[in-house]
$ cat final.txt   # compact mmCIF, C-alpha atoms
# COMPACT_ATOMS: atom_id res chain seq x y z
CA GLN H 1 0.00 0.00 0.00
CA GLU H 2 3.03 2.30 0.39
CA GLY H 3 3.93 1.86 -3.29
CA TYR H 4 6.65 -0.78 -2.95
CA GLU H 5 6.78 -3.42 -5.60
CA GLY H 6 7.26 -7.12 -5.20
CA VAL H 7 5.96 -10.53 -6.13
CA TRP H 8 3.90 -13.19 -4.37
CA ASP H 9 5.05 -16.78 -4.49
CA ILE H 10 1.38 -17.70 -5.04
CA PRO H 11 -0.12 -14.71 -6.84
CA GLU H 12 -3.69 -16.02 -7.26
CA LEU H 13 -6.14 -17.80 -4.98
CA ASP H 14 -9.14 -19.84 -5.99
CA PRO H 15 -10.95 -20.62 -2.74
CA GLN H 16 -12.97 -23.39 -4.40
CA THR H 17 -9.83 -25.39 -5.31
CA GLN H 18 -7.77 -24.60 -2.22
CA LEU H 19 -6.96 -27.63 -0.12
CA GLY H 20 -7.14 -27.25 3.64
CA ASP H 21 -8.61 -24.55 5.88
CA ALA H 22 -6.08 -21.80 5.13
CA PHE H 23 -4.05 -20.27 2.27
CA ILE H 24 -0.44 -19.07 2.90
CA SER H 25 1.47 -16.84 0.47
CA THR H 26 4.72 -14.84 0.82
CA TRP H 27 5.43 -11.43 -0.72
CA VAL H 28 9.07 -10.80 -1.76
CA PRO H 29 10.05 -7.16 -2.46
CA SER H 30 11.75 -6.36 -5.76
CA ASP H 31 15.44 -5.37 -5.78
CA GLY H 32 16.53 -1.72 -5.75
CA GLN H 33 14.08 -0.51 -3.12
CA SER H 34 14.52 0.31 0.53
CA SER H 35 16.91 -2.00 2.42
CA CYS H 36 14.40 -1.99 5.23
CA LEU H 37 11.90 -3.98 3.21
CA GLY H 38 11.47 -7.59 4.13
CA GLN H 39 9.35 -10.47 3.07
CA VAL H 40 5.72 -10.60 4.20
CA THR H 41 3.78 -13.82 4.73
CA ILE H 42 0.02 -13.81 5.05
CA GLU H 43 -2.43 -16.52 5.92
CA ILE H 44 -6.01 -16.43 4.62
CA GLN H 45 -8.58 -18.66 6.25
CA ILE H 46 -10.82 -20.55 3.85
CA THR H 47 -14.39 -20.81 5.16
CA GLU H 48 -16.87 -23.33 3.84
CA PRO H 49 -19.99 -21.54 2.61
CA THR H 50 -23.16 -22.02 4.61
CA ILE H 51 -26.10 -23.67 2.88
CA PRO H 52 -29.27 -21.62 3.40
CA GLU H 53 -32.08 -23.40 5.20
CA PHE H 54 -35.75 -22.63 4.71
CA ASP H 55 -38.99 -24.20 5.89
CA LEU H 56 -40.62 -24.23 2.48
CA PRO H 57 -43.26 -26.52 0.98
CA VAL H 58 -42.35 -28.77 -1.90
CA ALA H 59 -45.90 -28.72 -3.24
CA LEU H 60 -48.76 -26.24 -3.36
CA CYS H 61 -52.36 -26.47 -4.46
CA ALA H 62 -53.35 -24.28 -7.40
CA GLN H 63 -56.18 -22.74 -5.39
CA GLU H 64 -53.95 -21.46 -2.57
CA ASP H 65 -53.18 -17.81 -1.94
CA ILE H 66 -50.31 -15.93 -3.58
CA PHE H 67 -47.01 -17.34 -2.26
CA MET H 68 -44.10 -15.13 -1.11
CA PHE H 69 -40.60 -16.48 -0.53
CA PRO H 70 -38.95 -15.34 2.73
CA LEU H 71 -35.96 -13.00 2.34
CA THR H 72 -34.18 -14.39 5.43
CA ASP H 73 -33.45 -18.06 6.07
CA ASN H 74 -33.56 -19.95 9.39
CA GLN H 75 -29.89 -18.94 10.04
CA ALA H 76 -30.50 -15.22 9.49
CA ILE H 77 -28.92 -15.30 6.02
CA GLU H 78 -30.45 -12.54 3.93
CA GLY H 79 -30.83 -12.60 0.19
CA THR H 80 -33.11 -12.33 -2.82
CA TRP H 81 -35.10 -14.83 -4.89
CA SER H 82 -35.16 -14.95 -8.67
CA ILE H 83 -38.95 -15.29 -8.30
CA ASN H 84 -39.96 -13.78 -4.99
CA THR H 85 -43.73 -14.16 -5.32
CA PHE H 86 -46.19 -16.04 -7.54
CA ASP H 87 -49.83 -16.96 -7.92
CA PRO H 88 -50.23 -20.80 -7.81
CA SER H 89 -53.40 -20.62 -9.91
CA LEU H 90 -51.33 -19.29 -12.82
CA ILE H 91 -48.67 -22.02 -12.67
CA SER H 92 -48.88 -25.32 -14.53
CA GLY H 93 -46.68 -28.18 -13.36
CA SER H 94 -43.88 -26.76 -11.18
CA ILE H 95 -41.94 -23.58 -10.47
CA THR H 96 -38.25 -23.10 -9.56
CA SER H 97 -36.79 -20.08 -7.78
CA VAL H 98 -33.14 -19.42 -6.85
CA PHE H 99 -32.09 -17.76 -3.57
CA THR H 100 -28.95 -15.62 -3.82
CA PRO H 101 -27.43 -14.58 -0.44
CA THR H 102 -26.54 -10.93 0.03
CA THR H 103 -24.89 -11.37 3.45
CA GLY H 104 -22.32 -13.79 4.85
CA CYS H 105 -20.47 -16.66 3.20
CA ALA H 106 -23.36 -18.68 1.86
CA GLU H 107 -24.22 -20.65 -1.23
CA SER H 108 -27.12 -19.95 -3.52
CA LEU H 109 -30.09 -22.29 -3.22
CA SER H 110 -32.52 -23.54 -5.86
CA TRP H 111 -36.03 -24.52 -4.72
CA GLU H 112 -38.66 -26.30 -6.80
CA MET H 113 -42.36 -26.54 -5.97
CA ASP H 114 -44.92 -28.75 -7.65
CA ILE H 115 -48.30 -27.10 -8.24
CA GLY H 116 -51.15 -29.58 -7.97
CA GLN H 117 -54.56 -29.15 -9.55
CA PRO H 118 -57.35 -29.50 -6.96
CA LEU H 119 -59.56 -32.57 -6.98
CA VAL H 120 -63.30 -32.10 -7.28
CA PRO H 121 -65.24 -34.34 -4.84
CA ASN H 122 -67.56 -36.74 -6.65
CA PHE H 123 -70.94 -37.56 -5.12
CA THR H 124 -73.97 -39.53 -6.24
CA LEU H 125 -76.80 -37.38 -4.92
CA ASP H 126 -80.52 -36.95 -5.37
CA THR H 127 -80.99 -33.30 -6.23
CA LEU H 128 -84.75 -33.26 -6.85
CA PHE H 129 -87.14 -33.81 -3.95
CA CYS H 130 -90.82 -33.66 -3.20
CA ALA H 131 -91.92 -31.59 -0.23
CA LEU H 132 -93.45 -34.81 1.18
CA ASP H 133 -90.15 -36.73 1.13
CA SER H 134 -88.33 -37.71 4.30
CA MET H 135 -85.37 -35.70 5.54
CA TYR H 136 -82.27 -36.27 3.38
CA ILE H 137 -78.90 -36.78 5.11
CA LEU H 138 -75.95 -35.78 2.93
CA PRO H 139 -72.96 -38.20 2.92
CA LEU H 140 -69.77 -37.12 4.70
CA ALA H 141 -67.48 -38.98 2.26
CA SER H 142 -67.37 -38.64 -1.52
CA ASN H 143 -67.18 -41.51 -3.98
CA ASP H 144 -63.44 -40.86 -4.26
CA GLY H 145 -62.81 -41.00 -0.50
CA ILE H 146 -62.76 -37.29 0.33
CA THR H 147 -64.28 -36.61 3.75
CA GLY H 148 -65.69 -33.29 4.86
CA THR H 149 -68.72 -31.35 6.00
CA TRP H 150 -71.76 -29.78 4.36
CA SER H 151 -73.01 -26.27 5.08
CA MET H 152 -76.42 -27.93 5.59
CA PRO H 153 -75.89 -31.61 6.50
CA ILE H 154 -79.60 -32.49 6.55
CA ILE H 155 -82.23 -31.26 4.11
CA ASN H 156 -85.84 -31.25 5.26
CA PRO H 157 -87.85 -31.00 2.00
CA LEU H 158 -90.90 -29.67 3.81
CA ASP H 159 -88.93 -26.55 4.81
CA TRP H 160 -88.01 -25.82 1.18
CA SER H 161 -91.28 -26.59 -0.59
CA GLY H 162 -91.29 -24.97 -4.02
CA GLN H 163 -87.76 -23.62 -3.58
CA SER H 164 -84.12 -24.34 -4.42
CA VAL H 165 -81.36 -24.54 -1.81
CA ASP H 166 -77.58 -24.40 -2.36
CA VAL H 167 -75.39 -26.55 -0.11
CA THR H 168 -71.57 -26.50 -0.04
CA PHE H 169 -69.21 -29.38 0.76
CA THR H 170 -65.84 -28.51 2.31
CA ASN H 171 -62.93 -30.93 2.72
CA ALA H 172 -62.09 -31.66 6.37
CA ASP H 173 -58.36 -31.93 5.53
CA GLN H 174 -57.17 -28.42 4.73
CA ASN H 175 -53.82 -29.82 3.53
CA GLN H 176 -55.47 -31.89 0.82
CA CYS H 177 -55.70 -30.21 -2.57
CA THR H 178 -59.44 -30.28 -3.22
CA GLU H 179 -62.06 -27.81 -4.29
CA SER H 180 -65.20 -27.09 -2.34
CA LEU H 181 -68.34 -28.32 -4.06
CA SER H 182 -71.66 -26.49 -4.30
CA VAL H 183 -74.80 -28.50 -5.09
CA THR H 184 -78.26 -27.07 -5.82
CA PHE H 185 -81.25 -29.06 -4.59
CA ARG H 186 -84.75 -28.43 -5.90
CA VAL H 187 -87.86 -29.23 -3.86
CA GLU H 188 -91.16 -29.59 -5.69
CA GLU H 189 -94.32 -28.41 -4.01
CA ALA H 190 -96.78 -31.24 -3.41
CA GLY H 191 -99.86 -31.17 -5.64
CA ASP H 192 -103.42 -32.31 -4.98
CA ALA H 193 -105.34 -35.07 -6.70
CA ILE H 194 -108.68 -33.77 -8.03
CA PHE H 195 -111.75 -36.01 -8.16
CA GLU H 196 -115.34 -35.42 -9.23
CA LEU H 197 -117.19 -37.57 -6.71
CA PRO H 198 -120.71 -37.49 -5.28
CA GLU H 199 -121.20 -36.44 -1.71
CA ARG H 200 -124.11 -38.86 -1.13
CA LEU H 201 -125.09 -42.34 -2.24
CA CYS H 202 -128.40 -44.12 -1.96
CA TRP H 203 -128.28 -47.37 -0.08
CA GLN H 204 -130.01 -49.05 -3.05
CA GLN H 205 -127.28 -48.13 -5.51
CA GLU H 206 -124.74 -50.63 -6.70
CA ASP H 207 -121.43 -50.75 -4.86
CA PHE H 208 -119.53 -47.60 -5.69
CA VAL H 209 -115.97 -48.18 -6.96
CA LEU H 210 -113.68 -45.22 -6.38
CA PRO H 211 -111.55 -44.30 -9.44
CA ILE H 212 -107.80 -45.08 -9.30
CA SER H 213 -106.98 -42.07 -11.48
CA SER H 214 -107.87 -38.50 -10.68
CA THR H 215 -109.15 -36.00 -13.21
CA ASN H 216 -105.63 -34.50 -13.29
CA ALA H 217 -104.11 -37.93 -14.06
CA ILE H 218 -102.80 -38.86 -10.61
CA LEU H 219 -102.74 -42.62 -10.09
CA GLY H 220 -103.20 -44.17 -6.70
CA GLU H 221 -105.20 -46.41 -4.41
CA TRP H 222 -108.24 -45.88 -2.18
CA ASN H 223 -108.84 -47.38 1.23
CA PRO H 224 -111.52 -48.59 1.12
CA SER H 225 -111.71 -48.74 -2.66
CA VAL H 226 -115.35 -49.86 -2.82
CA ILE H 227 -118.26 -48.28 -0.95
CA GLU H 228 -121.10 -50.70 -0.18
CA GLY H 229 -124.36 -48.82 0.22
CA GLU H 230 -126.66 -51.55 1.55
CA ASP H 231 -124.29 -52.51 4.36
CA ASN H 232 -123.74 -48.91 5.43
CA GLN H 233 -127.23 -47.44 5.44
CA GLY H 234 -127.33 -44.14 7.30
CA SER H 235 -123.55 -43.98 7.70
CA SER H 236 -120.73 -41.77 6.44
CA ILE H 237 -117.80 -43.57 4.91
CA THR H 238 -114.37 -41.94 4.73
CA SER H 239 -111.92 -43.22 2.14
CA ILE H 240 -108.25 -42.18 1.78
CA PHE H 241 -106.56 -41.88 -1.60
CA THR H 242 -102.81 -42.60 -1.55
CA PRO H 243 -100.87 -41.60 -4.69
CA LEU H 244 -98.45 -44.12 -6.14
CA ASP H 245 -94.73 -43.79 -5.35
CA GLY H 246 -92.97 -41.15 -7.41
CA SER H 247 -95.91 -38.81 -7.50
CA CYS H 248 -95.38 -35.62 -5.51
CA THR H 249 -99.04 -35.46 -4.49
CA ASN H 250 -100.81 -35.14 -1.18
CA GLU H 251 -103.18 -37.81 0.03
CA ALA H 252 -106.86 -37.11 -0.64
CA GLU H 253 -109.81 -37.80 1.59
CA VAL H 254 -113.44 -38.17 0.62
CA ASN H 255 -116.44 -38.52 2.87
CA LEU H 256 -119.53 -40.21 1.34
CA GLU H 257 -122.89 -40.20 3.07
CA ILE H 258 -125.05 -43.31 2.53
CA LEU H 259 -128.70 -42.33 2.52
CA ALA H 260 -130.91 -44.81 4.42
CA PRO H 261 -134.42 -45.78 3.30
CA TYR H 262 -137.19 -43.81 4.88
CA THR H 263 -140.95 -44.40 5.30
CA VAL H 264 -143.41 -41.98 3.76
CA MET H 265 -146.03 -41.09 6.34
CA ALA H 266 -149.42 -40.47 4.70
CA SER H 267 -153.03 -40.26 5.90
CA PRO H 268 -155.51 -41.82 3.43
CA THR H 269 -158.57 -39.76 2.50
CA ASP H 270 -161.88 -40.71 0.88
CA PRO H 271 -162.38 -38.58 -2.19
CA SER H 272 -166.17 -39.10 -1.93
CA ASP H 273 -166.28 -37.17 1.29

$ encode --input "final.txt" --output "structure tokens"
Amino acid sequence: QEGYEGVWDIPELDPQTQLGDAFISTWVPSDGQSSCLGQVTIEIQITEPTIPEFDLPVALCAQEDIFMFPLTDNQAIEGTWSINTFDPSLISGSITSVFTPTTGCAESLSWEMDIGQPLVPNFTLDTLFCALDSMYILPLASNDGITGTWSMPIINPLDWSGQSVDVTFTNADQNQCTESLSVTFRVEEAGDAIFELPERLCWQQEDFVLPISSTNAILGEWNPSVIEGEDNQGSSITSIFTPLDGSCTNEAEVNLEILAPYTVMASPTDPSD
């Protein structure tokens, strides 16, 4: 540094090829300078670079939030990433980012993440109900083994008569790459079977057979299906119509009055009087 000239016995140092923990080189001054100059020997310690350590995932789901790489590792090594942030939904396959230290003696680090496409749970569900149906319990496991919960685990059709209801399935395992699933259920309002039936029957009439089809084409069964007049003189008979399975129709009830015979009271008169 004072301007004296000389030569080193080892003029160059490549730390990557240096054997051992230290490098020793001697400087010899050139002739013709101050007689007070002497040789100088220096020793340079060779330090192995630190490998950065991060707690980073090796896989992400495409539906996760935007990911940001940390700028400091677990050993307080600071640096920059070639890709410091990314949106998983925009990545297909995998992504690789390289960390370059800006402090300390540390190596660069390359990190690769696989981006998985979320699975869609597969269910076999009835999505059309009648308001008269029993309560429907939604399954907690999909056909492909994904378990989770529903926003409405039980559907009572009577509460949703004539309406649609949306129910969402969410995976119980937040670490599993799956989408939530929304299903729309439709509940039909129950109709009424319409019949054109008499209100009264005479006891002398033939047995009355109730029709198995209504005027609005609803098929079903009556109980009782035949009204016997002679055996029920002076009575009222109630019969219940039950629609066949698959028909979203209310039961119907009919009340038939059986007229009993009656005696005509008359006083005879003599027309000659």

$ closest_residue --input "final.txt" --among "H:Asp207, H:Glu64, H:Glu179, H:Asp159" --to "Leu119 (chain H)" --atoms "all atoms listed in the file"
H:Glu179

$ closest_residue --input "final.txt" --among "H:Phe67, H:Phe86, H:Tyr136, H:Phe54" --to "Leu109 (chain H)" --atoms "only C-alpha atoms"
H:Phe54

$ residues_around --input "final.txt" --residues "Asn74 (chain H)" --least-positions-apart "6" --cutoff "12 Å" --atoms "only C-alpha atoms" --output "list in words"
Thr50, Ile51, Pro52, Glu53, Phe54, Asp55 and Leu56 of chain H

$ residues_around --input "final.txt" --residues "region 170-174 of chain H" --least-positions-apart "4" --cutoff "9 Å" --atoms "only C-alpha atoms" --output "list in words"
Pro121, Ile146, Thr147, Gly148, Thr149, Trp150, Ser151, Thr178, Glu179, Ser180 and Leu181 of chain H

$ axis_aligned_box --input "final.txt" --around "region 107-126 of chain H" --padding-each-side "8 Å" --output "JSON"
{"center_x": -52.4, "center_y": -29.7, "center_z": -5.4, "size_x": 72.3, "size_y": 35.6, "size_z": 24.3}

$ residues_around --input "final.txt" --residues "region 228-237 of chain H" --least-positions-apart "6" --cutoff "12 Å" --atoms "all atoms listed in the file" --output "list in words"
Glu199, Arg200, Leu201, Cys202, Trp203, Gln204, Gln205, Glu206, Asp207, Phe208, Val209, Leu210, Glu253, Val254, Asn255, Leu256, Glu257, Ile258, Leu259, Ala260, Pro261 and Tyr262 of chain H

$ residues_around --input "final.txt" --residues "Gly104 (chain H)" --least-positions-apart "5" --cutoff "10 Å" --atoms "all atoms listed in the file" --output "ChimeraX atom specification"
/H:49-50,76-79

$ write_last_selection --input "final.txt" --atoms "C-alpha atoms" --output "PDB file, in the coordinates of the input"
ATOM      1  CA  PRO H  49     -19.990 -21.540   2.610  1.00  0.00           C
ATOM      2  CA  THR H  50     -23.160 -22.020   4.610  1.00  0.00           C
ATOM      3  CA  ALA H  76     -30.500 -15.220   9.490  1.00  0.00           C
ATOM      4  CA  ILE H  77     -28.920 -15.300   6.020  1.00  0.00           C
ATOM      5  CA  GLU H  78     -30.450 -12.540   3.930  1.00  0.00           C
ATOM      6  CA  GLY H  79     -30.830 -12.600   0.190  1.00  0.00           C
TER       7      GLY H  79
END

$ residues_near_point --input "final.txt" --point "(-92.7, -35.5, -7.2)" --cutoff "10 Å" --atoms "all atoms listed in the file" --output "CSV table (one decimal) with C-alpha atoms, in the frame of the given file"
chain,number,residue,atom,x,y,z
H,128,LEU,CA,-84.8,-33.3,-6.8
H,129,PHE,CA,-87.1,-33.8,-4.0
H,130,CYS,CA,-90.8,-33.7,-3.2
H,131,ALA,CA,-91.9,-31.6,-0.2
H,132,LEU,CA,-93.4,-34.8,1.2
H,133,ASP,CA,-90.2,-36.7,1.1
H,187,VAL,CA,-87.9,-29.2,-3.9
H,188,GLU,CA,-91.2,-29.6,-5.7
H,189,GLU,CA,-94.3,-28.4,-4.0
H,190,ALA,CA,-96.8,-31.2,-3.4
H,191,GLY,CA,-99.9,-31.2,-5.6
H,245,ASP,CA,-94.7,-43.8,-5.4
H,246,GLY,CA,-93.0,-41.2,-7.4
H,247,SER,CA,-95.9,-38.8,-7.5
H,248,CYS,CA,-95.4,-35.6,-5.5
H,249,THR,CA,-99.0,-35.5,-4.5

$ atom_distance --input "final.txt" --atom1 "CA of Ser30 (chain H)" --atom2 "CA of Glu5 (chain H)"
5.8 Å

$ atom_distance --input "final.txt" --atom1 "CA of Gly116 (chain H)" --atom2 "CA of Thr80 (chain H)"
25.5 Å

$ atom_distance --input "final.txt" --atom1 "CA of Ser110 (chain H)" --atom2 "CA of Thr72 (chain H)"
14.6 Å

$ closest_residue --input "final.txt" --among "H:Asp144, H:Asp114, H:Glu107, H:Glu251" --to "Gly93 (chain H)" --atoms "all atoms listed in the file"
H:Asp114

$ residues_around --input "final.txt" --residues "region 217-226 of chain H" --least-positions-apart "3" --cutoff "7 Å" --atoms "only C-alpha atoms" --output "JSON, numbers by chain"
{"H": [193, 207, 208, 209, 210, 212, 213, 214, 239, 240, 241, 242, 243, 244]}

$ write_last_selection --input "final.txt" --atoms "C-alpha atoms" --output "CSV table (one decimal), in the coordinates of the input"
chain,number,residue,atom,x,y,z
H,193,ALA,CA,-105.3,-35.1,-6.7
H,207,ASP,CA,-121.4,-50.8,-4.9
H,208,PHE,CA,-119.5,-47.6,-5.7
H,209,VAL,CA,-116.0,-48.2,-7.0
H,210,LEU,CA,-113.7,-45.2,-6.4
H,212,ILE,CA,-107.8,-45.1,-9.3
H,213,SER,CA,-107.0,-42.1,-11.5
H,214,SER,CA,-107.9,-38.5,-10.7
H,239,SER,CA,-111.9,-43.2,2.1
H,240,ILE,CA,-108.2,-42.2,1.8
H,241,PHE,CA,-106.6,-41.9,-1.6
H,242,THR,CA,-102.8,-42.6,-1.6
H,243,PRO,CA,-100.9,-41.6,-4.7
H,244,LEU,CA,-98.4,-44.1,-6.1

$ closest_residue --input "final.txt" --among "H:Val58, H:Met113, H:Met152, H:Ile10" --to "Val165 (chain H)" --atoms "only C-alpha atoms"
H:Met152

$ residues_near_point --input "final.txt" --point "(-42.0, -9.2, -3.9)" --cutoff "12 Å" --atoms "all atoms listed in the file" --output "list of chain:residue names"
H:Ile66, H:Phe67, H:Met68, H:Phe69, H:Pro70, H:Leu71, H:Thr80, H:Trp81, H:Ser82, H:Ile83, H:Asn84, H:Thr85, H:Phe86, H:Asp87
